[in-house]
>>> print(open('input_15.cif').read())   # mmCIF, C-alpha atoms
data_protein
#
loop_
_atom_site.label_atom_id
_atom_site.label_comp_id
_atom_site.auth_asym_id
_atom_site.auth_seq_id
_atom_site.Cartn_x
_atom_site.Cartn_y
_atom_site.Cartn_z
CA MET E 1 -0.62 1.07 -13.16
CA GLU E 2 0.91 -2.24 -12.21
CA LYS E 3 4.24 -3.04 -13.73
CA LYS E 4 4.99 -6.73 -14.08
CA ILE E 5 8.34 -7.31 -12.53
CA ASP E 6 9.96 -10.32 -10.93
CA TRP E 7 11.16 -8.90 -7.61
CA SER E 8 12.50 -12.22 -6.26
CA LEU E 9 16.15 -11.25 -5.96
CA TYR E 10 16.83 -7.52 -6.00
CA LEU E 11 20.49 -6.50 -6.03
CA CYS E 12 21.52 -3.12 -4.61
CA THR E 13 25.07 -2.26 -5.58
CA ASP E 14 27.74 -1.00 -3.24
CA ARG E 15 31.01 -0.05 -4.86
CA GLU E 16 32.95 -0.14 -1.62
CA LEU E 17 31.82 -3.66 -0.73
CA THR E 18 32.56 -4.86 -4.24
CA GLY E 19 36.22 -4.66 -3.28
CA GLU E 20 38.82 -5.77 -5.79
CA LYS E 21 36.27 -7.17 -8.20
CA ASN E 22 35.40 -5.22 -11.34
CA PHE E 23 32.15 -3.44 -10.60
CA GLU E 24 30.37 -4.14 -13.89
CA THR E 25 31.56 -7.76 -13.99
CA CYS E 26 30.31 -8.28 -10.45
CA VAL E 27 26.84 -7.03 -11.44
CA GLU E 28 26.78 -9.13 -14.60
CA ASP E 29 27.86 -12.24 -12.67
CA ALA E 30 25.11 -11.62 -10.11
CA ILE E 31 22.56 -11.40 -12.94
CA LYS E 32 23.88 -14.65 -14.40
CA GLY E 33 23.32 -16.17 -10.98
CA GLY E 34 19.67 -15.12 -11.01
CA VAL E 35 19.33 -11.52 -9.80
CA THR E 36 16.01 -10.22 -11.17
CA VAL E 37 16.34 -6.46 -10.55
CA VAL E 38 19.40 -4.21 -10.16
CA GLN E 39 19.54 -0.96 -8.23
CA LEU E 40 22.54 1.28 -8.76
CA ARG E 41 23.36 2.98 -5.50
CA GLU E 42 26.22 5.48 -5.48
CA LYS E 43 26.78 7.76 -2.55
CA ASN E 44 30.24 9.11 -3.30
CA LEU E 45 30.41 9.48 -7.05
CA SER E 46 30.20 12.75 -8.96
CA GLY E 47 27.02 13.21 -11.00
CA LYS E 48 29.01 12.66 -14.17
CA LYS E 49 30.52 9.34 -13.05
CA PHE E 50 27.21 8.21 -11.55
CA PHE E 51 25.56 8.90 -14.91
CA GLU E 52 28.29 7.09 -16.83
CA THR E 53 28.01 4.07 -14.52
CA ALA E 54 24.24 4.07 -15.00
CA LEU E 55 24.76 4.00 -18.78
CA SER E 56 27.19 1.12 -18.54
CA LEU E 57 24.98 -0.91 -16.20
CA LYS E 58 22.02 -0.27 -18.47
CA LYS E 59 23.84 -2.06 -21.26
CA ILE E 60 24.23 -5.07 -18.98
CA THR E 61 20.70 -5.13 -17.53
CA GLY E 62 19.31 -4.51 -21.03
CA LYS E 63 21.18 -7.55 -22.35
CA TYR E 64 19.52 -9.72 -19.69
CA LYS E 65 16.19 -7.86 -19.90
CA ILE E 66 15.97 -7.02 -16.23
CA PRO E 67 15.08 -3.61 -14.78
CA LEU E 68 17.73 -1.10 -13.72
CA ILE E 69 16.68 1.21 -10.93
CA ILE E 70 18.69 4.26 -9.87
CA ASN E 71 18.98 5.15 -6.20
CA ASP E 72 18.16 8.71 -5.10
CA ARG E 73 19.09 10.71 -8.21
CA VAL E 74 15.91 11.11 -10.23
CA ASP E 75 17.73 13.22 -12.82
CA ILE E 76 20.28 10.49 -13.45
CA ALA E 77 17.52 7.89 -13.77
CA VAL E 78 15.85 10.04 -16.43
CA ALA E 79 19.10 10.99 -18.20
CA ALA E 80 20.25 7.37 -18.39
CA ASP E 81 16.75 6.20 -19.35
CA ALA E 82 16.84 3.68 -16.51
CA ASP E 83 13.70 1.69 -15.76
CA GLY E 84 13.06 3.49 -12.52
CA VAL E 85 14.25 5.29 -9.45
CA HIS E 86 14.29 4.43 -5.76
CA VAL E 87 14.01 7.16 -3.13
CA GLY E 88 14.55 6.95 0.61
CA GLN E 89 12.82 8.96 3.30
CA SER E 90 15.53 11.65 3.20
CA ASP E 91 15.64 11.92 -0.59
CA LEU E 92 13.49 13.96 -2.95
CA PRO E 93 9.89 13.18 -1.90
CA ALA E 94 8.16 10.34 -3.78
CA LYS E 95 5.44 12.61 -5.16
CA ALA E 96 8.02 14.98 -6.65
CA ALA E 97 9.98 12.04 -8.05
CA ARG E 98 6.84 10.59 -9.68
CA LYS E 99 6.09 13.92 -11.30
CA ILE E 100 9.52 13.99 -12.91
CA ILE E 101 9.68 10.38 -14.10
CA GLY E 102 6.07 10.10 -15.31
CA ASP E 103 3.81 7.07 -15.02
CA GLU E 104 5.75 4.58 -17.10
CA LYS E 105 8.90 4.35 -15.03
CA ILE E 106 9.16 2.40 -11.79
CA LEU E 107 9.14 4.32 -8.52
CA GLY E 108 10.39 2.59 -5.39
CA VAL E 109 10.31 4.06 -1.90
CA SER E 110 12.03 2.94 1.31
CA ALA E 111 9.87 2.59 4.39
CA SER E 112 10.53 1.35 7.88
CA THR E 113 7.07 1.92 9.39
CA LEU E 114 3.50 1.24 8.35
CA ASP E 115 2.82 4.99 8.08
CA GLU E 116 5.75 5.50 5.74
CA ALA E 117 4.60 2.55 3.64
CA LEU E 118 1.03 3.83 3.36
CA LYS E 119 2.28 7.29 2.46
CA ALA E 120 4.63 5.84 -0.17
CA GLU E 121 1.71 3.96 -1.72
CA SER E 122 -0.51 7.03 -1.81
CA ASP E 123 2.37 9.13 -3.18
CA GLY E 124 2.62 6.88 -6.20
CA ALA E 125 5.20 4.22 -5.37
CA ASP E 126 5.17 1.06 -7.49
CA TYR E 127 6.87 -0.95 -4.78
CA ILE E 128 8.22 -0.50 -1.29
CA GLY E 129 11.57 -1.53 0.11
CA VAL E 130 11.07 -2.25 3.79
CA GLY E 131 14.01 -2.36 6.13
CA GLY E 132 16.42 -2.69 7.64
CA ILE E 133 15.18 -6.07 8.62
CA PHE E 134 18.35 -7.41 10.20
CA PHE E 135 21.31 -5.47 11.46
CA THR E 136 23.75 -4.82 8.67
CA ALA E 137 27.15 -3.23 8.24
CA THR E 138 25.92 -1.43 5.07
CA LYS E 139 23.54 0.77 7.05
CA PRO E 140 24.65 0.54 10.68
CA ASP E 141 22.24 3.25 11.80
CA ALA E 142 19.14 1.84 10.12
CA GLU E 143 16.55 0.82 12.68
CA SER E 144 15.57 -2.78 12.40
CA VAL E 145 11.99 -3.58 11.41
CA SER E 146 10.32 -6.49 13.17
CA PRO E 147 8.89 -9.39 11.15
CA GLU E 148 5.48 -8.37 12.54
CA THR E 149 5.79 -4.84 11.11
CA LEU E 150 6.95 -6.28 7.80
CA LYS E 151 3.93 -8.59 7.71
CA LYS E 152 1.57 -5.78 8.70
CA ILE E 153 2.94 -3.58 5.89
CA CYS E 154 2.52 -6.38 3.34
CA GLU E 155 -1.10 -6.86 4.45
CA SER E 156 -1.84 -3.12 4.40
CA VAL E 157 -0.55 -2.05 0.97
CA LYS E 158 -1.58 -3.25 -2.46
CA ILE E 159 1.81 -2.69 -4.07
CA PRO E 160 4.68 -5.21 -3.89
CA VAL E 161 6.98 -5.15 -0.88
CA VAL E 162 10.59 -6.27 -0.84
CA ALA E 163 12.56 -6.69 2.36
CA ILE E 164 16.04 -5.19 2.70
CA GLY E 165 18.79 -5.05 5.27
CA GLY E 166 21.06 -7.82 6.43
CA ILE E 167 19.46 -10.46 4.25
CA ASN E 168 21.76 -13.37 3.47
CA SER E 169 21.46 -17.13 3.04
CA GLU E 170 21.05 -17.59 6.81
CA THR E 171 18.53 -14.81 7.51
CA LEU E 172 16.50 -15.10 4.29
CA PRO E 173 14.22 -17.97 5.46
CA ARG E 174 13.00 -15.80 8.36
CA VAL E 175 11.35 -13.24 6.02
CA LYS E 176 9.89 -15.69 3.52
CA ASN E 177 6.41 -16.00 4.94
CA THR E 178 5.69 -12.33 5.56
CA GLY E 179 3.97 -11.53 2.28
CA ILE E 180 6.99 -9.97 0.55
CA VAL E 181 7.52 -10.53 -3.16
CA GLY E 182 11.29 -10.64 -2.95
CA VAL E 183 14.44 -9.85 -1.06
CA ALA E 184 16.87 -7.04 -1.66
CA VAL E 185 20.50 -7.79 -0.92
CA VAL E 186 23.74 -5.88 -0.97
CA SER E 187 26.73 -7.46 0.72
CA ALA E 188 25.47 -11.07 0.48
CA ILE E 189 26.10 -10.75 -3.24
CA VAL E 190 28.55 -7.93 -3.95
CA ALA E 191 30.93 -8.82 -1.12
CA ALA E 192 30.80 -12.52 -1.97
CA GLU E 193 33.87 -14.14 -3.47
CA ASN E 194 31.67 -15.47 -6.26
CA PRO E 195 28.64 -13.20 -6.83
CA GLU E 196 27.12 -15.62 -9.37
CA ASP E 197 27.11 -18.54 -6.94
CA ALA E 198 25.92 -16.31 -4.11
CA ALA E 199 22.97 -15.10 -6.19
CA LYS E 200 22.17 -18.64 -7.32
CA ASN E 201 22.14 -19.86 -3.72
CA LEU E 202 19.96 -16.99 -2.47
CA LEU E 203 17.46 -17.49 -5.28
CA LYS E 204 17.32 -21.21 -4.50
CA ILE E 205 16.60 -20.49 -0.83
CA TRP E 206 13.96 -17.92 -1.81
CA ARG E 207 12.21 -20.32 -4.15
CA GLU E 208 12.38 -23.54 -2.19
CA MET R 1 16.51 31.10 -27.14
CA GLU R 2 17.85 34.05 -25.26
CA LYS R 3 16.54 34.63 -21.77
CA LYS R 4 16.67 38.22 -20.61
CA ILE R 5 18.38 38.19 -17.26
CA ASP R 6 20.39 40.76 -15.35
CA TRP R 7 23.54 38.84 -14.47
CA SER R 8 25.32 41.78 -12.80
CA LEU R 9 25.61 40.32 -9.31
CA TYR R 10 25.14 36.57 -9.10
CA LEU R 11 25.08 35.14 -5.58
CA CYS R 12 26.10 31.49 -5.04
CA THR R 13 25.12 30.32 -1.58
CA ASP R 14 27.36 28.48 0.84
CA ARG R 15 25.71 27.32 4.02
CA GLU R 16 29.02 26.79 5.81
CA LEU R 17 30.30 30.29 5.08
CA THR R 18 26.99 31.80 6.12
CA GLY R 19 28.02 31.02 9.67
CA GLU R 20 25.74 32.08 12.50
CA LYS R 21 23.46 34.07 10.23
CA ASN R 22 20.07 32.64 9.29
CA PHE R 23 20.49 31.20 5.81
CA GLU R 24 17.25 32.51 4.27
CA THR R 25 17.63 35.93 5.88
CA CYS R 26 21.17 36.18 4.55
CA VAL R 27 19.96 35.50 1.01
CA GLU R 28 17.08 37.96 1.33
CA ASP R 29 19.40 40.64 2.69
CA ALA R 30 21.78 40.07 -0.21
CA ILE R 31 18.88 40.51 -2.65
CA LYS R 32 17.86 43.72 -0.89
CA GLY R 33 21.45 44.86 -1.40
CA GLY R 34 21.20 44.30 -5.14
CA VAL R 35 21.92 40.66 -5.97
CA THR R 36 20.31 39.95 -9.35
CA VAL R 37 20.47 36.13 -9.51
CA VAL R 38 20.67 33.48 -6.76
CA GLN R 39 22.18 30.05 -7.10
CA LEU R 40 21.45 27.53 -4.36
CA ARG R 41 24.50 25.35 -3.89
CA GLU R 42 24.29 22.55 -1.35
CA LYS R 43 26.92 19.88 -1.20
CA ASN R 44 26.13 18.21 2.11
CA LEU R 45 22.35 18.25 2.41
CA SER R 46 20.05 15.28 1.87
CA GLY R 47 17.87 15.44 -1.24
CA LYS R 48 14.86 16.15 0.92
CA LYS R 49 16.43 19.10 2.77
CA PHE R 50 17.97 20.45 -0.43
CA PHE R 51 14.50 20.37 -2.01
CA GLU R 52 12.89 22.06 1.00
CA THR R 53 15.56 24.77 0.97
CA ALA R 54 14.96 25.30 -2.75
CA LEU R 55 11.24 25.77 -2.05
CA SER R 56 11.89 28.27 0.70
CA LEU R 57 14.42 30.26 -1.37
CA LYS R 58 11.99 30.27 -4.28
CA LYS R 59 9.51 32.15 -2.15
CA ILE R 60 12.16 34.78 -1.49
CA THR R 61 13.48 35.11 -5.04
CA GLY R 62 9.90 35.09 -6.33
CA LYS R 63 9.04 38.00 -4.08
CA TYR R 64 11.90 40.04 -5.56
CA LYS R 65 11.35 38.62 -9.08
CA ILE R 66 14.88 37.40 -9.56
CA PRO R 67 15.88 33.98 -10.92
CA LEU R 68 16.70 31.05 -8.63
CA ILE R 69 19.15 28.58 -10.07
CA ILE R 70 19.88 25.20 -8.50
CA ASN R 71 23.41 23.84 -8.46
CA ASP R 72 24.06 20.32 -9.74
CA ARG R 73 20.74 18.59 -8.93
CA VAL R 74 18.60 18.84 -12.05
CA ASP R 75 15.82 16.83 -10.39
CA ILE R 76 15.61 19.29 -7.50
CA ALA R 77 15.53 22.22 -9.92
CA VAL R 78 12.58 20.64 -11.71
CA ALA R 79 10.78 19.51 -8.55
CA ALA R 80 11.08 22.96 -6.95
CA ASP R 81 10.19 24.65 -10.24
CA ALA R 82 13.32 26.78 -9.98
CA ASP R 83 14.23 29.05 -12.86
CA GLY R 84 17.20 26.97 -13.87
CA VAL R 85 20.05 24.67 -13.04
CA HIS R 86 23.81 25.08 -13.04
CA VAL R 87 26.08 22.11 -13.77
CA GLY R 88 29.82 21.79 -13.37
CA GLN R 89 32.20 19.71 -15.44
CA SER R 90 31.84 16.74 -13.07
CA ASP R 91 28.05 16.91 -12.84
CA LEU R 92 25.41 15.45 -15.10
CA PRO R 93 26.44 16.54 -18.63
CA ALA R 94 24.88 19.78 -19.91
CA LYS R 95 23.16 18.04 -22.82
CA ALA R 96 21.44 15.58 -20.49
CA ALA R 97 20.48 18.40 -18.13
CA ARG R 98 18.96 20.40 -21.00
CA LYS R 99 16.91 17.40 -22.09
CA ILE R 100 15.41 17.12 -18.61
CA ILE R 101 14.68 20.79 -17.98
CA GLY R 102 13.40 21.64 -21.46
CA ASP R 103 14.01 24.87 -23.37
CA GLU R 104 12.30 27.33 -21.06
CA LYS R 105 14.48 26.95 -17.99
CA ILE R 106 17.94 28.44 -17.64
CA LEU R 107 20.95 26.15 -18.03
CA GLY R 108 24.30 27.31 -16.71
CA VAL R 109 27.59 25.47 -17.12
CA SER R 110 30.94 25.99 -15.42
CA ALA R 111 33.99 26.24 -17.65
CA SER R 112 37.62 26.97 -17.00
CA THR R 113 38.96 26.65 -20.54
CA LEU R 114 37.91 27.87 -23.98
CA ASP R 115 37.17 24.30 -25.07
CA GLU R 116 34.85 23.73 -22.13
CA ALA R 117 33.11 27.03 -22.82
CA LEU R 118 32.58 26.25 -26.50
CA LYS R 119 31.29 22.79 -25.66
CA ALA R 120 28.93 24.22 -23.03
CA GLU R 121 27.53 26.62 -25.62
CA SER R 122 27.00 23.89 -28.19
CA ASP R 123 25.46 21.62 -25.53
CA GLY R 124 22.76 24.17 -24.90
CA ALA R 125 23.98 26.37 -22.05
CA ASP R 126 22.26 29.74 -21.61
CA TYR R 127 25.24 31.18 -19.81
CA ILE R 128 28.69 30.16 -18.68
CA GLY R 129 30.31 30.58 -15.29
CA VAL R 130 34.04 30.93 -15.85
CA GLY R 131 36.46 30.41 -13.03
CA GLY R 132 38.05 30.23 -10.66
CA ILE R 133 39.40 33.62 -11.52
CA PHE R 134 41.24 34.35 -8.30
CA PHE R 135 42.32 31.91 -5.64
CA THR R 136 39.53 31.31 -3.20
CA ALA R 137 39.00 29.36 -0.01
CA THR R 138 35.60 28.14 -1.29
CA LYS R 139 37.21 26.03 -3.99
CA PRO R 140 40.87 25.68 -3.02
CA ASP R 141 41.60 23.16 -5.78
CA ALA R 142 40.00 25.14 -8.61
CA GLU R 143 42.59 26.18 -11.16
CA SER R 144 42.73 29.87 -11.69
CA VAL R 145 41.78 31.22 -15.10
CA SER R 146 43.84 34.08 -16.48
CA PRO R 147 42.15 37.35 -17.47
CA GLU R 148 43.31 36.59 -21.03
CA THR R 149 41.46 33.27 -21.09
CA LEU R 150 38.39 34.94 -19.63
CA LYS R 151 38.51 37.58 -22.34
CA LYS R 152 39.09 34.99 -25.05
CA ILE R 153 36.06 33.01 -23.85
CA CYS R 154 33.86 36.11 -23.82
CA GLU R 155 34.93 36.89 -27.38
CA SER R 156 34.38 33.32 -28.56
CA VAL R 157 30.90 32.50 -27.28
CA LYS R 158 27.59 34.21 -28.00
CA ILE R 159 26.02 33.43 -24.63
CA PRO R 160 26.58 35.54 -21.49
CA VAL R 161 29.64 34.85 -19.36
CA VAL R 162 29.92 35.50 -15.64
CA ALA R 163 33.21 35.28 -13.78
CA ILE R 164 33.45 33.35 -10.53
CA GLY R 165 36.05 32.57 -7.93
CA GLY R 166 37.60 34.87 -5.40
CA ILE R 167 35.74 37.93 -6.59
CA ASN R 168 35.36 40.61 -3.93
CA SER R 169 35.41 44.39 -3.76
CA GLU R 170 39.18 44.43 -4.27
CA THR R 171 39.47 41.95 -7.12
CA LEU R 172 36.25 42.87 -8.97
CA PRO R 173 37.71 45.83 -10.93
CA ARG R 174 40.29 43.50 -12.49
CA VAL R 175 37.60 41.47 -14.36
CA LYS R 176 35.39 44.36 -15.40
CA ASN R 177 36.73 44.91 -18.87
CA THR R 178 36.87 41.34 -20.04
CA GLY R 179 33.48 41.12 -21.70
CA ILE R 180 31.65 39.44 -18.83
CA VAL R 181 28.05 40.37 -18.08
CA GLY R 182 28.37 39.97 -14.35
CA VAL R 183 30.24 38.59 -11.40
CA ALA R 184 29.36 35.57 -9.29
CA VAL R 185 30.31 35.78 -5.65
CA VAL R 186 30.12 33.51 -2.66
CA SER R 187 32.07 34.51 0.42
CA ALA R 188 32.25 38.24 -0.37
CA ILE R 189 28.52 38.29 0.38
CA VAL R 190 27.54 35.30 2.50
CA ALA R 191 30.52 35.53 4.82
CA ALA R 192 30.14 39.30 5.19
CA GLU R 193 28.93 40.67 8.48
CA ASN R 194 26.26 42.61 6.59
CA PRO R 195 25.33 40.82 3.35
CA GLU R 196 23.07 43.69 2.22
CA ASP R 197 25.84 46.27 2.45
CA ALA R 198 28.34 43.86 0.90
CA ALA R 199 26.03 43.30 -2.09
CA LYS R 200 25.34 47.02 -2.40
CA ASN R 201 29.04 47.80 -2.44
CA LEU R 202 29.88 45.09 -5.00
CA LEU R 203 27.08 46.22 -7.30
CA LYS R 204 28.30 49.80 -7.03
CA ILE R 205 31.84 48.77 -7.99
CA TRP R 206 30.47 46.68 -10.87
CA ARG R 207 28.40 49.55 -12.21
CA GLU R 208 30.74 52.44 -11.74
#
>>> encode(input="input_15.cif", output="C-alpha cells")
Amino acid sequence: MEKKIDWSLYLCTDRELTGEKNFETCVEDAIKGGVTVVQLREKNLSGKKFFETALSLKKITGKYKIPLIINDRVDIAVAADADGVHVGQSDLPAKAARKIIGDEKILGVSASTLDEALKAESDGADYIGVGGIFFTATKPDAESVSPETLKKICESVKIPVVAIGGINSETLPRVKNTGIVGVAVVSAIVAAENPEDAAKNLLKIWRE
Amino acid sequence: MEKKIDWSLYLCTDRELTGEKNFETCVEDAIKGGVTVVQLREKNLSGKKFFETALSLKKITGKYKIPLIINDRVDIAVAADADGVHVGQSDLPAKAARKIIGDEKILGVSASTLDEALKAESDGADYIGVGGIFFTATKPDAESVSPETLKKICESVKIPVVAIGGINSETLPRVKNTGIVGVAVVSAIVAAENPEDAAKNLLKIWRE
C-alpha cells in the first residue's frame, strides 16, 4: 500500500546537536520553515522519556499535519500512536517491525547498499533512507554511499528513497538528480542558529 | 486474568556478569538447576542482537517449558513471541506496555515503594518485582527496600510479588517470610562458577 507523503525535507532530530535551544521549539520552528516529515531519534533517553517526548512531538506534528516517525523503538511508535517507525540495519528487523505496526503505519528502513535496499523493500518498507551520502559528524563511522549507488538504488526499488548523511545547503544539489524523493537532514537544521530559516533555505534549494 | 506461573526462582540475565561462560549454556544450566522463570535483560545490545538472543533463549526456555520474559523492550518481546515483558519505572509505562502485548502475555513491573506497587497493579501488571532488597553490584544506585516495605507491598496487592536485588544463598532466608512468591536473582546464578549448582542450592533454600 502506497502512503502519500511529501518526503521533500525530512528532519531527523538529535538532542545533543540541538544545543541550548528548546528541543520542541526547535522542531516546531523547523516545521514552520518547511520540514515535511519528522523523525524522533533518541539514543540516550530512557524508554519513559523517549515515550513522553514522542507524545509531545506528536502534538506539534499533528498541529501541522505532517508525519512523525520514531527511530528504532517500534514499541514507542505504537504506544505514542506515531505515524511510523524507522529501523536501521542493526535494529529489530524490518519484517518483525512491520508485523508489530500493521499495514497502516509507515515503515522506513536504512540501507547503504543495493542488497539492503532490495531486502528492505521485500520486507515491507514504505520508504528507504539511503546513506550516509556525505561524511558527517552525526555518524562518523557510517560508510559513505556513492551517488552512483544512490542512483542505482532509486532505479531498482519501487518505493520512495530519501538520502541521508551530511546533507546541507552546499551538498544538497549533488544528490538532486539521483531519483530520490527528498533529503533527510540532522545537523543542517537542528544545529543551525535559526532552524526555521535553515529549513526554508534547504527546501528552496531542493525545489529550485 | 491470573496466569499460573511458578515464580520460585526467577533468573534475570546479565551478559557482563556471565563472564567467560557461554551465555546460552549458562541460562540452560541454570534452568537444569531449577530456575522457574527467565528474564532476558540486555542493556548494551543492538535491537537486532537483542532480538536474536531472545529467539535463541526462547528455544531453551521452550524446551524446559518455562516462561521467557523480556526486559524493557516491549517490541522485542512481541517480535520474539516471548511469554512476557518486564518494565521498570523509567521504561515505557506499564499501561502502554499492556496495550501492546494484549491480555495473554505476562506483564511485570518493578516497584520499590507501596505507591509504585499499587499503581503497577492498577496499570495491569501480572506480577511485581520489588527491590532492590539488599545492596548489589548489579544496580549500585538502586535504593534498598526494607523487609517491612516488602511485607506491606505483599499484603497490599493481589498479584504475585518477587523480591530482587542482592539475593543470594546468605540473604535469601531473610526475605522468605514476607509474602513473596519467589526470588529473582542475577549474580548469585550467572556469576557463579557452576550456575546449575547455584540454582539448585538457591531453590533448596527457598523451599526448605
>>> closest_atom_pairs(input="input_15.cif", of="region 89-161 of chain R", to="region 37-54 of chain R", cutoff="12 Å", atoms="all atoms listed in the file", output="tab-separated table")
residue	atom	partner	partner_atom	distance
R:Ile106	CA	R:Val37	CA	11.5
R:Leu107	CA	R:Gln39	CA	11.7
R:Gly108	CA	R:Gln39	CA	10.2
R:Gly129	CA	R:Gln39	CA	11.6
R:Thr138	CA	R:Arg41	CA	11.7
>>> closest_residue(input="input_15.cif", among="R:Leu11, R:Val87, R:Leu17, R:Val130", to="chain E", atoms="all atoms listed in the file")
R:Val87
>>> closest_atom_pairs(input="input_15.cif", of="chain E", to="chain R", cutoff="6 Å", atoms="all atoms listed in the file", output="CSV")
residue,atom,partner,partner_atom,distance
E:Ser46,CA,R:Ser90,CA,6.0
E:Gly47,CA,R:Asp91,CA,4.3
E:Lys48,CA,R:Asp91,CA,4.6
E:Val74,CA,R:Asp75,CA,5.7
E:Asp75,CA,R:Asp75,CA,4.8
E:Ala79,CA,R:Ala96,CA,5.6
E:Ser90,CA,R:Lys48,CA,5.1
E:Asp91,CA,R:Gly47,CA,4.2
E:Leu92,CA,R:Lys48,CA,4.7
E:Ala96,CA,R:Ala79,CA,5.6
>>> residues_around(input="input_15.cif", residues="region 175-185 of chain R", least_positions_apart="3", cutoff="9 Å", atoms="all atoms listed in the file", output="VMD selection string")
chain R and resid 6 to 13 37 129 133 147 to 148 150 to 155 160 to 168 171 to 172 188 to 190 206
>>> atom_distance(input="input_15.cif", atom1="CA of Ser146 (chain E)", atom2="CA of Lys204 (chain E)")
24.0 Å
>>> closest_residue(input="input_15.cif", among="E:Arg174, E:His86, E:Lys105, E:Lys119", to="Phe134 (chain E)", atoms="only C-alpha atoms")
E:Arg174
>>> resolve_selection(input="input_15.cif", expression="the PyMOL selection byres ((chain R and resi 191) around 10)", output="list in words")
Thr13, Asp14, Arg15, Glu16, Leu17, Thr18, Gly19, Glu20, Lys21, Cys26, Val186, Ser187, Ala188, Ile189, Val190, Ala192, Glu193, Asn194, Pro195 and Ala198 of chain R
>>> write_last_selection(input="input_15.cif", atoms="C-alpha atoms", output="mmCIF file, keeping the file's coordinate frame")
data_model
loop_
_atom_site.group_PDB
_atom_site.id
_atom_site.type_symbol
_atom_site.label_atom_id
_atom_site.label_comp_id
_atom_site.auth_asym_id
_atom_site.auth_seq_id
_atom_site.Cartn_x
_atom_site.Cartn_y
_atom_site.Cartn_z
ATOM 1 C CA THR R 13 25.120 30.320 -1.580
ATOM 2 C CA ASP R 14 27.360 28.480 0.840
ATOM 3 C CA ARG R 15 25.710 27.320 4.020
ATOM 4 C CA GLU R 16 29.020 26.790 5.810
ATOM 5 C CA LEU R 17 30.300 30.290 5.080
ATOM 6 C CA THR R 18 26.990 31.800 6.120
ATOM 7 C CA GLY R 19 28.020 31.020 9.670
ATOM 8 C CA GLU R 20 25.740 32.080 12.500
ATOM 9 C CA LYS R 21 23.460 34.070 10.230
ATOM 10 C CA CYS R 26 21.170 36.180 4.550
ATOM 11 C CA VAL R 186 30.120 33.510 -2.660
ATOM 12 C CA SER R 187 32.070 34.510 0.420
ATOM 13 C CA ALA R 188 32.250 38.240 -0.370
ATOM 14 C CA ILE R 189 28.520 38.290 0.380
ATOM 15 C CA VAL R 190 27.540 35.300 2.500
ATOM 16 C CA ALA R 192 30.140 39.300 5.190
ATOM 17 C CA GLU R 193 28.930 40.670 8.480
ATOM 18 C CA ASN R 194 26.260 42.610 6.590
ATOM 19 C CA PRO R 195 25.330 40.820 3.350
ATOM 20 C CA ALA R 198 28.340 43.860 0.900
#
>>> atom_distance(input="input_15.cif", atom1="CA of Glu104 (chain R)", atom2="CA of Gly102 (chain E)")
19.2 Å
>>> axis_aligned_box(input="input_15.cif", around="region 16-35 of chain R", padding_each_side="6 Å", output="JSON")
{"center_x": 23.7, "center_y": 35.8, "center_z": 3.3, "size_x": 25.2, "size_y": 30.1, "size_z": 30.5}
>>> closest_residue(input="input_15.cif", among="R:Gly62, R:Pro67, R:Gly131, R:Gly34", to="Ile205 (chain R)", atoms="all atoms listed in the file")
R:Gly34
>>> atom_distance(input="input_15.cif", atom1="CA of Glu121 (chain R)", atom2="CA of Thr36 (chain R)")
22.2 Å
>>> closest_residue(input="input_15.cif", among="R:Ser56, R:Thr113, R:Thr25, R:Asn201", to="Thr149 (chain R)", atoms="all atoms listed in the file")
R:Thr113
>>> resolve_selection(input="input_15.cif", expression="the PyMOL selection byres ((chain E and resi 32) around 10)", output="list in words")
Cys26, Val27, Glu28, Asp29, Ala30, Ile31, Gly33, Gly34, Val35, Thr36, Tyr64, Pro195, Glu196, Asp197, Ala199 and Lys200 of chain E
